[in-house]
>>> print(open('structure.tsv').read())   # TSV, C-alpha atoms and all ligand atoms
chain	number	residue	atom	x	y	z
A	1	MET	CA	18.13	-4.52	13.26
A	2	PRO	CA	19.99	-1.61	11.63
A	3	SER	CA	23.70	-2.18	11.42
A	4	THR	CA	26.07	0.58	12.50
A	5	ILE	CA	25.04	4.15	11.86
A	6	LYS	CA	27.90	6.19	10.45
A	7	GLU	CA	28.86	9.73	11.38
A	8	ALA	CA	28.64	11.78	8.17
A	9	SER	CA	31.43	14.34	7.78
A	10	LEU	CA	28.85	16.70	6.25
A	11	LYS	CA	25.49	16.00	7.87
A	12	LEU	CA	22.66	16.96	5.52
A	13	ASP	CA	18.91	17.45	6.01
A	14	PHE	CA	16.78	15.40	3.62
A	15	ILE	CA	13.05	15.55	3.04
A	16	VAL	CA	11.59	12.49	1.35
A	17	VAL	CA	8.22	13.05	-0.30
A	18	GLY	CA	6.31	9.75	-0.08
A	19	GLY	CA	6.53	6.94	2.44
A	20	GLY	CA	6.12	3.87	0.21
A	21	LEU	CA	8.77	1.18	-0.17
A	22	ALA	CA	11.16	3.57	-1.91
A	23	GLY	CA	10.66	6.38	0.61
A	24	PHE	CA	11.31	4.23	3.68
A	25	ALA	CA	14.24	2.42	2.02
A	26	VAL	CA	15.99	5.64	1.06
A	27	ALA	CA	15.28	7.11	4.50
A	28	TYR	CA	16.93	4.12	6.14
A	29	ALA	CA	19.96	4.20	3.84
A	30	LEU	CA	20.48	7.93	4.38
A	31	CYS	CA	20.08	7.72	8.17
A	32	LYS	CA	22.57	4.86	8.22
A	33	ALA	CA	25.01	7.09	6.35
A	34	GLY	CA	24.63	9.65	9.14
A	35	HIS	CA	22.14	12.16	7.69
A	36	ARG	CA	18.93	13.65	9.10
A	37	VAL	CA	15.83	12.48	7.26
A	38	ARG	CA	12.18	13.43	7.42
A	39	VAL	CA	9.61	11.44	5.41
A	40	LEU	CA	6.26	13.01	4.50
A	41	GLU	CA	3.52	10.50	3.68
A	42	LYS	CA	-0.02	11.48	2.77
A	43	HIS	CA	-1.68	8.26	4.01
A	44	PRO	CA	-2.83	8.40	7.62
A	45	SER	CA	-0.93	5.35	8.86
A	46	LEU	CA	0.85	2.12	8.11
A	47	GLY	CA	-1.06	-1.11	7.53
A	48	MET	CA	-3.26	-0.05	4.59
A	49	PRO	CA	-4.50	-3.16	2.76
A	50	ALA	CA	-2.37	-4.14	-0.23
A	51	GLY	CA	-1.68	-7.24	-2.25
A	52	GLY	CA	1.13	-9.72	-2.62
A	53	LEU	CA	4.54	-8.49	-3.71
A	54	ARG	CA	7.00	-10.38	-5.84
A	55	VAL	CA	10.40	-9.73	-4.35
A	56	PRO	CA	12.98	-10.60	-7.00
A	57	PRO	CA	16.62	-11.33	-6.12
A	58	ASN	CA	17.83	-7.76	-6.66
A	59	MET	CA	15.48	-6.68	-3.85
A	60	SER	CA	15.61	-9.76	-1.63
A	61	LYS	CA	19.39	-9.61	-1.28
A	62	ILE	CA	19.17	-6.05	0.00
A	63	LEU	CA	16.40	-6.94	2.45
A	64	LYS	CA	18.39	-9.95	3.67
A	65	ASN	CA	21.41	-7.77	4.17
A	66	TRP	CA	19.36	-5.21	6.09
A	67	VAL	CA	17.23	-7.42	8.35
A	68	GLY	CA	18.91	-10.83	8.25
A	69	GLU	CA	17.61	-14.10	6.88
A	70	GLU	CA	15.77	-15.13	10.05
A	71	GLU	CA	13.67	-11.96	10.16
A	72	LEU	CA	12.90	-12.21	6.45
A	73	ARG	CA	11.75	-15.82	6.76
A	74	LYS	CA	9.00	-14.78	9.21
A	75	THR	CA	6.99	-13.12	6.45
A	76	ALA	CA	8.48	-14.34	3.15
A	77	VAL	CA	8.05	-17.54	1.19
A	78	ARG	CA	10.38	-18.69	-1.56
A	79	ASN	CA	8.98	-18.64	-5.08
A	80	VAL	CA	10.08	-21.89	-6.68
A	81	GLY	CA	8.43	-21.35	-10.06
A	82	THR	CA	5.77	-19.55	-12.01
A	83	PRO	CA	3.22	-21.42	-14.12
A	84	TRP	CA	1.77	-19.58	-17.14
A	85	TYR	CA	-1.80	-20.15	-18.31
A	86	ASP	CA	-3.67	-19.21	-21.44
A	87	MET	CA	-6.62	-17.19	-20.17
A	88	ASP	CA	-8.72	-18.12	-23.25
A	89	THR	CA	-8.44	-21.87	-22.80
A	90	GLY	CA	-7.22	-22.29	-19.24
A	91	GLU	CA	-4.40	-24.55	-20.54
A	92	GLN	CA	-0.95	-24.35	-18.99
A	93	MET	CA	1.47	-22.80	-21.52
A	94	GLY	CA	4.70	-23.10	-19.61
A	95	TYR	CA	6.47	-23.05	-16.28
A	96	ALA	CA	9.31	-20.69	-15.37
A	97	GLU	CA	11.35	-22.48	-12.75
A	98	TRP	CA	13.56	-20.35	-10.54
A	99	LYS	CA	16.35	-22.89	-10.37
A	100	PRO	CA	18.66	-22.75	-7.32
A	101	ALA	CA	21.78	-22.49	-9.53
A	102	VAL	CA	20.35	-19.44	-11.32
A	103	MET	CA	19.25	-17.85	-8.06
A	104	GLU	CA	22.72	-18.40	-6.63
A	105	GLU	CA	24.16	-16.57	-9.62
A	106	THR	CA	21.88	-13.57	-8.89
A	107	GLY	CA	23.00	-13.45	-5.28
A	108	GLY	CA	19.46	-13.48	-3.91
A	109	GLU	CA	16.23	-15.46	-3.88
A	110	PHE	CA	12.88	-14.94	-5.52
A	111	LEU	CA	10.56	-14.31	-2.58
A	112	MET	CA	6.85	-13.72	-2.23
A	113	MET	CA	5.77	-11.33	0.50
A	114	LYS	CA	2.85	-9.10	1.38
A	115	HIS	CA	3.39	-5.51	0.37
A	116	GLU	CA	2.39	-4.39	3.85
A	117	ASP	CA	4.96	-6.69	5.50
A	118	VAL	CA	7.79	-5.25	3.40
A	119	HIS	CA	6.47	-1.77	4.08
A	120	ARG	CA	6.41	-2.41	7.82
A	121	LEU	CA	9.92	-3.91	7.79
A	122	LEU	CA	11.34	-0.86	6.03
A	123	HIS	CA	9.40	1.48	8.31
A	124	THR	CA	10.85	-0.24	11.39
A	125	LEU	CA	14.37	0.01	9.95
A	126	ALA	CA	14.00	3.68	9.06
A	127	ILE	CA	12.59	4.62	12.48
A	128	ALA	CA	15.29	2.64	14.32
A	129	ALA	CA	17.96	4.42	12.28
A	130	GLY	CA	16.53	7.80	13.33
A	131	ALA	CA	14.24	8.87	10.46
A	132	LYS	CA	11.30	11.11	11.35
A	133	ILE	CA	8.22	9.81	9.58
A	134	GLN	CA	5.12	11.96	9.40
A	135	PHE	CA	1.86	10.38	8.23
A	136	GLY	CA	-1.12	12.39	7.03
A	137	ALA	CA	1.26	14.93	5.46
A	138	THR	CA	0.33	15.72	1.85
A	139	VAL	CA	2.91	17.70	-0.09
A	140	THR	CA	1.25	20.07	-2.54
A	141	SER	CA	4.33	21.67	-4.11
A	142	VAL	CA	8.11	21.57	-4.21
A	143	THR	CA	10.10	24.71	-4.88
A	144	PRO	CA	13.72	24.63	-6.08
A	145	GLY	CA	16.04	26.25	-3.63
A	146	ASP	CA	17.56	29.62	-3.14
A	147	PRO	CA	19.34	29.03	-0.86
A	148	LYS	CA	17.54	25.75	-0.18
A	149	PRO	CA	14.61	23.84	-1.69
A	150	LEU	CA	11.35	23.68	0.18
A	151	VAL	CA	8.11	21.73	0.22
A	152	THR	CA	4.67	23.08	0.96
A	153	LEU	CA	2.14	20.87	2.74
A	154	ALA	CA	-1.64	20.88	2.25
A	155	THR	CA	-1.87	22.66	5.60
A	156	GLY	CA	0.13	25.58	4.16
A	157	GLU	CA	3.17	24.78	6.31
A	158	THR	CA	6.52	24.98	4.48
A	159	LEU	CA	9.57	22.86	5.27
A	160	MET	CA	13.13	23.40	4.07
A	161	ALA	CA	15.94	20.88	3.57
A	162	ASP	CA	19.31	20.58	1.86
A	163	VAL	CA	17.95	17.92	-0.48
A	164	ILE	CA	14.39	16.91	-1.38
A	165	ILE	CA	13.83	13.41	-2.69
A	166	GLY	CA	10.76	12.44	-4.70
A	167	ALA	CA	9.59	8.98	-3.69
A	168	ASP	CA	5.98	9.79	-4.45
A	169	GLY	CA	5.23	6.93	-6.80
A	170	SER	CA	4.42	6.52	-10.46
A	171	THR	CA	2.39	9.72	-10.79
A	172	SER	CA	5.08	11.70	-8.97
A	173	MET	CA	4.52	15.40	-8.50
A	174	VAL	CA	8.22	15.86	-7.65
A	175	ARG	CA	9.29	14.27	-10.95
A	176	ARG	CA	6.95	16.62	-12.83
A	177	MET	CA	8.60	19.54	-11.10
A	178	VAL	CA	12.12	18.28	-11.87
A	179	LEU	CA	11.27	17.63	-15.53
A	180	GLY	CA	9.41	20.93	-15.86
A	181	ARG	CA	6.64	19.17	-17.81
A	182	GLU	CA	4.19	16.28	-17.62
A	183	ASP	CA	5.90	12.90	-17.61
A	184	ASP	CA	5.55	11.23	-21.00
A	185	ALA	CA	4.84	7.72	-19.69
A	186	GLU	CA	2.20	6.07	-21.87
A	187	PRO	CA	-0.38	3.80	-20.23
A	188	GLY	CA	0.29	0.18	-21.17
A	189	GLY	CA	-3.38	-0.70	-21.72
A	190	PHE	CA	-3.50	-3.16	-18.84
A	191	THR	CA	-4.76	-2.90	-15.30
A	192	VAL	CA	-3.03	-5.04	-12.69
A	193	PHE	CA	-5.10	-6.35	-9.79
A	194	GLY	CA	-3.52	-8.00	-6.79
A	195	GLY	CA	-5.14	-9.98	-4.02
A	196	SER	CA	-4.74	-12.98	-1.78
A	197	VAL	CA	-6.75	-16.11	-1.12
A	198	SER	CA	-6.46	-18.72	1.60
A	199	ALA	CA	-5.32	-22.26	0.82
A	200	ASP	CA	-8.44	-23.59	2.57
A	201	GLU	CA	-10.62	-21.73	0.09
A	202	MET	CA	-8.59	-23.06	-2.84
A	203	LYS	CA	-8.96	-26.64	-1.65
A	204	LYS	CA	-12.72	-26.42	-2.32
A	205	TYR	CA	-12.03	-26.33	-6.08
A	206	PRO	CA	-10.54	-29.37	-7.88
A	207	GLU	CA	-8.60	-27.21	-10.40
A	208	LEU	CA	-6.95	-25.21	-7.63
A	209	GLU	CA	-6.52	-27.86	-4.96
A	210	LYS	CA	-3.30	-29.18	-6.50
A	211	TRP	CA	-1.58	-25.83	-5.89
A	212	ALA	CA	-2.79	-25.59	-2.33
A	213	THR	CA	-1.64	-29.08	-1.43
A	214	SER	CA	1.50	-29.61	-3.55
A	215	GLU	CA	4.67	-30.01	-1.54
A	216	GLU	CA	6.35	-27.31	-3.53
A	217	HIS	CA	3.67	-24.72	-2.95
A	218	ALA	CA	1.75	-25.81	0.14
A	219	LYS	CA	1.25	-22.59	2.08
A	220	LYS	CA	-1.54	-20.98	4.06
A	221	GLU	CA	-2.20	-18.15	1.68
A	222	PHE	CA	-1.66	-17.47	-2.02
A	223	ALA	CA	-1.18	-14.18	-3.80
A	224	LEU	CA	-2.77	-13.56	-7.15
A	225	GLN	CA	-2.11	-10.89	-9.71
A	226	LEU	CA	-4.34	-10.34	-12.71
A	227	TYR	CA	-3.29	-8.37	-15.75
A	228	TRP	CA	-6.54	-7.21	-17.32
A	229	PRO	CA	-7.24	-5.20	-20.48
A	230	ASP	CA	-8.23	-1.70	-19.32
A	231	GLU	CA	-11.53	-1.79	-21.19
A	232	ASP	CA	-12.75	-4.86	-19.25
A	233	SER	CA	-11.23	-3.95	-15.90
A	234	GLY	CA	-13.94	-1.65	-14.58
A	235	THR	CA	-11.34	1.11	-14.12
A	236	THR	CA	-11.29	4.45	-15.91
A	237	GLU	CA	-8.38	6.54	-17.12
A	238	ASN	CA	-8.91	8.83	-14.14
A	239	ASP	CA	-8.15	6.02	-11.69
A	240	LYS	CA	-4.74	6.44	-10.13
A	241	GLU	CA	-2.24	3.60	-9.85
A	242	SER	CA	-2.23	2.61	-6.22
A	243	TRP	CA	-1.63	-0.33	-3.94
A	244	HIS	CA	-4.51	0.63	-1.73
A	245	ASP	CA	-7.62	1.07	-3.87
A	246	VAL	CA	-9.99	-1.80	-3.22
A	247	VAL	CA	-11.86	-2.93	-6.32
A	248	SER	CA	-14.90	-5.20	-6.22
A	249	VAL	CA	-14.68	-8.28	-8.45
A	250	ASP	CA	-18.16	-7.39	-9.72
A	251	THR	CA	-16.73	-4.51	-11.75
A	252	VAL	CA	-14.32	-6.76	-13.69
A	253	ASN	CA	-15.59	-8.30	-16.94
A	254	PHE	CA	-14.58	-11.98	-17.03
A	255	ASP	CA	-16.58	-12.86	-20.18
A	256	SER	CA	-13.57	-13.43	-22.42
A	257	CYS	CA	-11.92	-15.98	-20.09
A	258	SER	CA	-12.44	-19.69	-19.85
A	259	PRO	CA	-14.50	-20.81	-16.82
A	260	LYS	CA	-11.38	-22.60	-15.52
A	261	SER	CA	-9.25	-19.50	-15.43
A	262	VAL	CA	-11.85	-17.25	-13.83
A	263	LYS	CA	-12.05	-19.57	-10.84
A	264	PHE	CA	-9.17	-17.81	-9.13
A	265	PRO	CA	-10.66	-14.33	-9.04
A	266	LEU	CA	-14.12	-15.60	-8.22
A	267	ILE	CA	-13.39	-17.83	-5.27
A	268	GLY	CA	-14.51	-16.49	-1.96
A	269	GLU	CA	-15.89	-13.43	-3.72
A	270	CYS	CA	-12.74	-11.82	-2.50
A	271	SER	CA	-12.14	-8.13	-3.07
A	272	LEU	CA	-9.22	-7.55	-5.36
A	273	GLU	CA	-6.87	-5.35	-3.46
A	301	LIG	C1	-0.84	-3.47	-8.44
A	301	LIG	C2	0.68	-3.38	-8.43
A	301	LIG	C3	1.44	-4.53	-8.28
A	301	LIG	C4	2.85	-4.45	-8.26
A	301	LIG	N1	3.55	-5.59	-8.02
A	301	LIG	C5	4.89	-5.52	-7.86
A	301	LIG	C6	5.63	-6.67	-7.47
A	301	LIG	O1	5.06	-7.74	-7.31
A	301	LIG	N2	6.98	-6.53	-7.28
A	301	LIG	C7	7.61	-5.32	-7.45
A	301	LIG	O2	8.83	-5.25	-7.25
A	301	LIG	N3	6.93	-4.23	-7.82
A	301	LIG	C8	5.60	-4.28	-8.01
A	301	LIG	N4	4.89	-3.18	-8.38
A	301	LIG	C9	5.61	-1.96	-8.60
A	301	LIG	C10	5.72	-1.41	-7.19
A	301	LIG	O3	4.59	-0.62	-6.87
A	301	LIG	C11	6.93	-0.67	-6.97
A	301	LIG	O4	8.04	-1.50	-7.21
A	301	LIG	C12	7.01	-0.11	-5.56
A	301	LIG	O5	5.94	-0.40	-4.70
A	301	LIG	C13	7.04	1.35	-5.76
A	301	LIG	O6	7.27	1.92	-4.51
A	301	LIG	P1	7.36	3.45	-4.38
A	301	LIG	O7	7.65	3.72	-2.95
A	301	LIG	O8	8.27	3.99	-5.44
A	301	LIG	O9	5.91	3.99	-4.81
A	301	LIG	P2	4.52	3.86	-4.06
A	301	LIG	O10	4.33	2.53	-3.43
A	301	LIG	O11	3.50	4.33	-5.05
A	301	LIG	O12	4.65	4.91	-2.87
A	301	LIG	C14	4.55	6.29	-3.08
A	301	LIG	C15	4.08	6.89	-1.79
A	301	LIG	O13	4.09	8.30	-1.91
A	301	LIG	C16	2.92	8.81	-1.31
A	301	LIG	N5	2.64	10.08	-1.93
A	301	LIG	C17	2.35	10.32	-3.24
A	301	LIG	N6	2.17	11.62	-3.47
A	301	LIG	C18	2.38	12.25	-2.27
A	301	LIG	C19	2.34	13.59	-1.86
A	301	LIG	N7	2.05	14.58	-2.73
A	301	LIG	N8	2.58	13.89	-0.56
A	301	LIG	C20	2.87	12.90	0.33
A	301	LIG	N9	2.91	11.60	-0.01
A	301	LIG	C21	2.67	11.28	-1.29
A	301	LIG	C22	1.85	7.74	-1.58
A	301	LIG	O14	0.79	7.82	-0.65
A	301	LIG	C23	2.66	6.46	-1.43
A	301	LIG	O15	2.64	5.95	-0.11
A	301	LIG	C24	3.50	-3.20	-8.42
A	301	LIG	C25	2.72	-2.06	-8.58
A	301	LIG	C26	1.34	-2.13	-8.58
A	301	LIG	C27	0.52	-0.87	-8.72
>>> encode(input="structure.tsv", output="structure tokens", more="lines below")
Ligand SMILES: Cc1cc2nc3c(=O)[nH]c(=O)nc-3n(C[C@H](O)[C@H](O)[C@H](O)COP(=O)(O)OP(=O)(O)OC[C@H]3O[C@@H](n4cnc5c(N)ncnc54)[C@H](O)[C@@H]3O)c2cc1C
Amino acid sequence: MPSTIKEASLKLDFIVVGGGLAGFAVAYALCKAGHRVRVLEKHPSLGMPAGGLRVPPNMSKILKNWVGEEELRKTAVRNVGTPWYDMDTGEQMGYAEWKPAVMEETGGEFLMMKHEDVHRLLHTLAIAAGAKIQFGATVTSVTPGDPKPLVTLATGETLMADVIIGADGSTSMVRRMVLGREDDAEPGGFTVFGGSVSADEMKKYPELEKWATSEEHAKKEFALQLYWPDEDSGTTENDKESWHDVVSVDTVNFDSCSPKSVKFPLIGECSLE
């Protein structure tokens, strides 16, 4: 798994706040460069349910370099193209084909993976390279250093390091502290739902069967992502952006969509994860 771990001429202590994809990836890269890294993640464990992840070439080439093609193939499928549908009429508007020549130019592939598989891969890499990963550790504040910065955990414990890295997601507390003010990101007005559905389930519906059985796409499981106007999504402005909040399809308002296009979210009465 991890390639050679270097001996850093100045070995530093890093604390990474947040053990998502970014937290584990940076922990691995820093350990490989010879530093000591401790990751603090508020969730209790790995393996929380999450949806499908599009892994574009800029990410897939790094993963391939880190774990090798064979390992990646165990959990990834190649995305050969993306069809676009009009949600009002259900008609296909276009098809973005990820042509091999274009992919070659990017140096990677467009892969589809489960978020939790990528998360687990990066966790394994980081641990093998020597990172200390602590689950169930919620950071409540970060204090700039004199002489060194420190983090305070919900338990009241404080931890010091040479460098603290904020990898605590889109509503980052660390970024707020660095900026000295609230982040000015404006909500886009859309809620994104992700989920997965088995090919067997899709085959029960004539409109979806062609995807489940086509040579190009035939796979056991399909990921779906829905971009929904906030006002019809059943979410409120207090809901936090997260991979792990499970939302019942019953709370989403499908009235404005054609019956054809709502088939996807409705099949199997799956929870949208
Ligand atoms: C529904 C959805 C679909 C997406 N789909 C894609 C996609 O297909 N492809 C893609 O490239 N990107 C996608 N993104 C963007 C994607 O989330 C990011 O690219 C990537 O997952 C961000 O990883 P991260 O580690 O920066 O943040 P996160 O995954 O948000 O991880 C942050 C971590 O920090 C932890 N944390 C937060 N605060 C604290 C604290 N105070 N103390 C301790 N721990 C804390 C959280 O528990 C979490 O584990 C999607 C995002 C969403 C929400």
>>> residues_near_ligand(input="structure.tsv", ligand="ligand LIG 301 (chain A)", cutoff="6 Å", atoms="only C-alpha atoms and all ligand atoms", output="ChimeraX atom specification")
/A:17-23,40-43,53-55,137-140,167-170,192-194,241-243
>>> closest_residue(input="structure.tsv", among="A:Ser9, A:Ser141, A:Ser198, A:Thr75", to="Arg175 in chain A", atoms="only C-alpha atoms")
A:Ser141
>>> atom_distance(input="structure.tsv", atom1="CA of Thr251 in chain A", atom2="CA of Lys114 in chain A")
24.0 Å
>>> residues_around(input="structure.tsv", residues="Ala128 in chain A", least_positions_apart="4", cutoff="12 Å", atoms="all atoms listed in the file", output="VMD selection string")
chain A and resid 1 to 5 24 27 to 29 31 to 32 67 121 to 124 132 to 133
>>> residues_around(input="structure.tsv", residues="Lys74 in chain A", least_positions_apart="2", cutoff="12 Å", atoms="all atoms listed in the file", output="PyMOL selection string")
chain A and resi 64+67-72+76-78+111-114+117-118+121
>>> atom_distance(input="structure.tsv", atom1="CA of Glu221 in chain A", atom2="CA of Val197 in chain A")
5.7 Å
>>> atom_distance(input="structure.tsv", atom1="CA of Pro57 in chain A", atom2="CA of Lys6 in chain A")
26.6 Å
>>> residues_around(input="structure.tsv", residues="Val151 in chain A", least_positions_apart="4", cutoff="7 Å", atoms="all atoms listed in the file", output="mmCIF file with C-alpha atoms, in the frame of the given file")
data_model
loop_
_atom_site.group_PDB
_atom_site.id
_atom_site.type_symbol
_atom_site.label_atom_id
_atom_site.label_comp_id
_atom_site.auth_asym_id
_atom_site.auth_seq_id
_atom_site.Cartn_x
_atom_site.Cartn_y
_atom_site.Cartn_z
ATOM 1 C CA VAL A 139 2.910 17.700 -0.090
ATOM 2 C CA SER A 141 4.330 21.670 -4.110
ATOM 3 C CA VAL A 142 8.110 21.570 -4.210
ATOM 4 C CA THR A 143 10.100 24.710 -4.880
ATOM 5 C CA THR A 158 6.520 24.980 4.480
ATOM 6 C CA LEU A 159 9.570 22.860 5.270
ATOM 7 C CA MET A 160 13.130 23.400 4.070
#
>>> residues_near_point(input="structure.tsv", point="(12.4, -18.9, -11.1)", cutoff="8 Å", atoms="only C-alpha atoms", output="MDAnalysis selection string")
chainID A and resid 79:82 96:99 102:103 110
>>> closest_residue(input="structure.tsv", among="A:Leu179, A:Leu150, A:Val163, A:Ala199", to="Lys11 in chain A", atoms="all atoms listed in the file")
A:Val163
>>> closest_residue(input="structure.tsv", among="A:Asn58, A:Thr155, A:Asn65, A:Ser214", to="Glu109 in chain A", atoms="only C-alpha atoms")
A:Asn58
>>> closest_residue(input="structure.tsv", among="A:Asp250, A:Glu104, A:Asp162, A:Asp86", to="Val16 in chain A", atoms="only C-alpha atoms")
A:Asp162
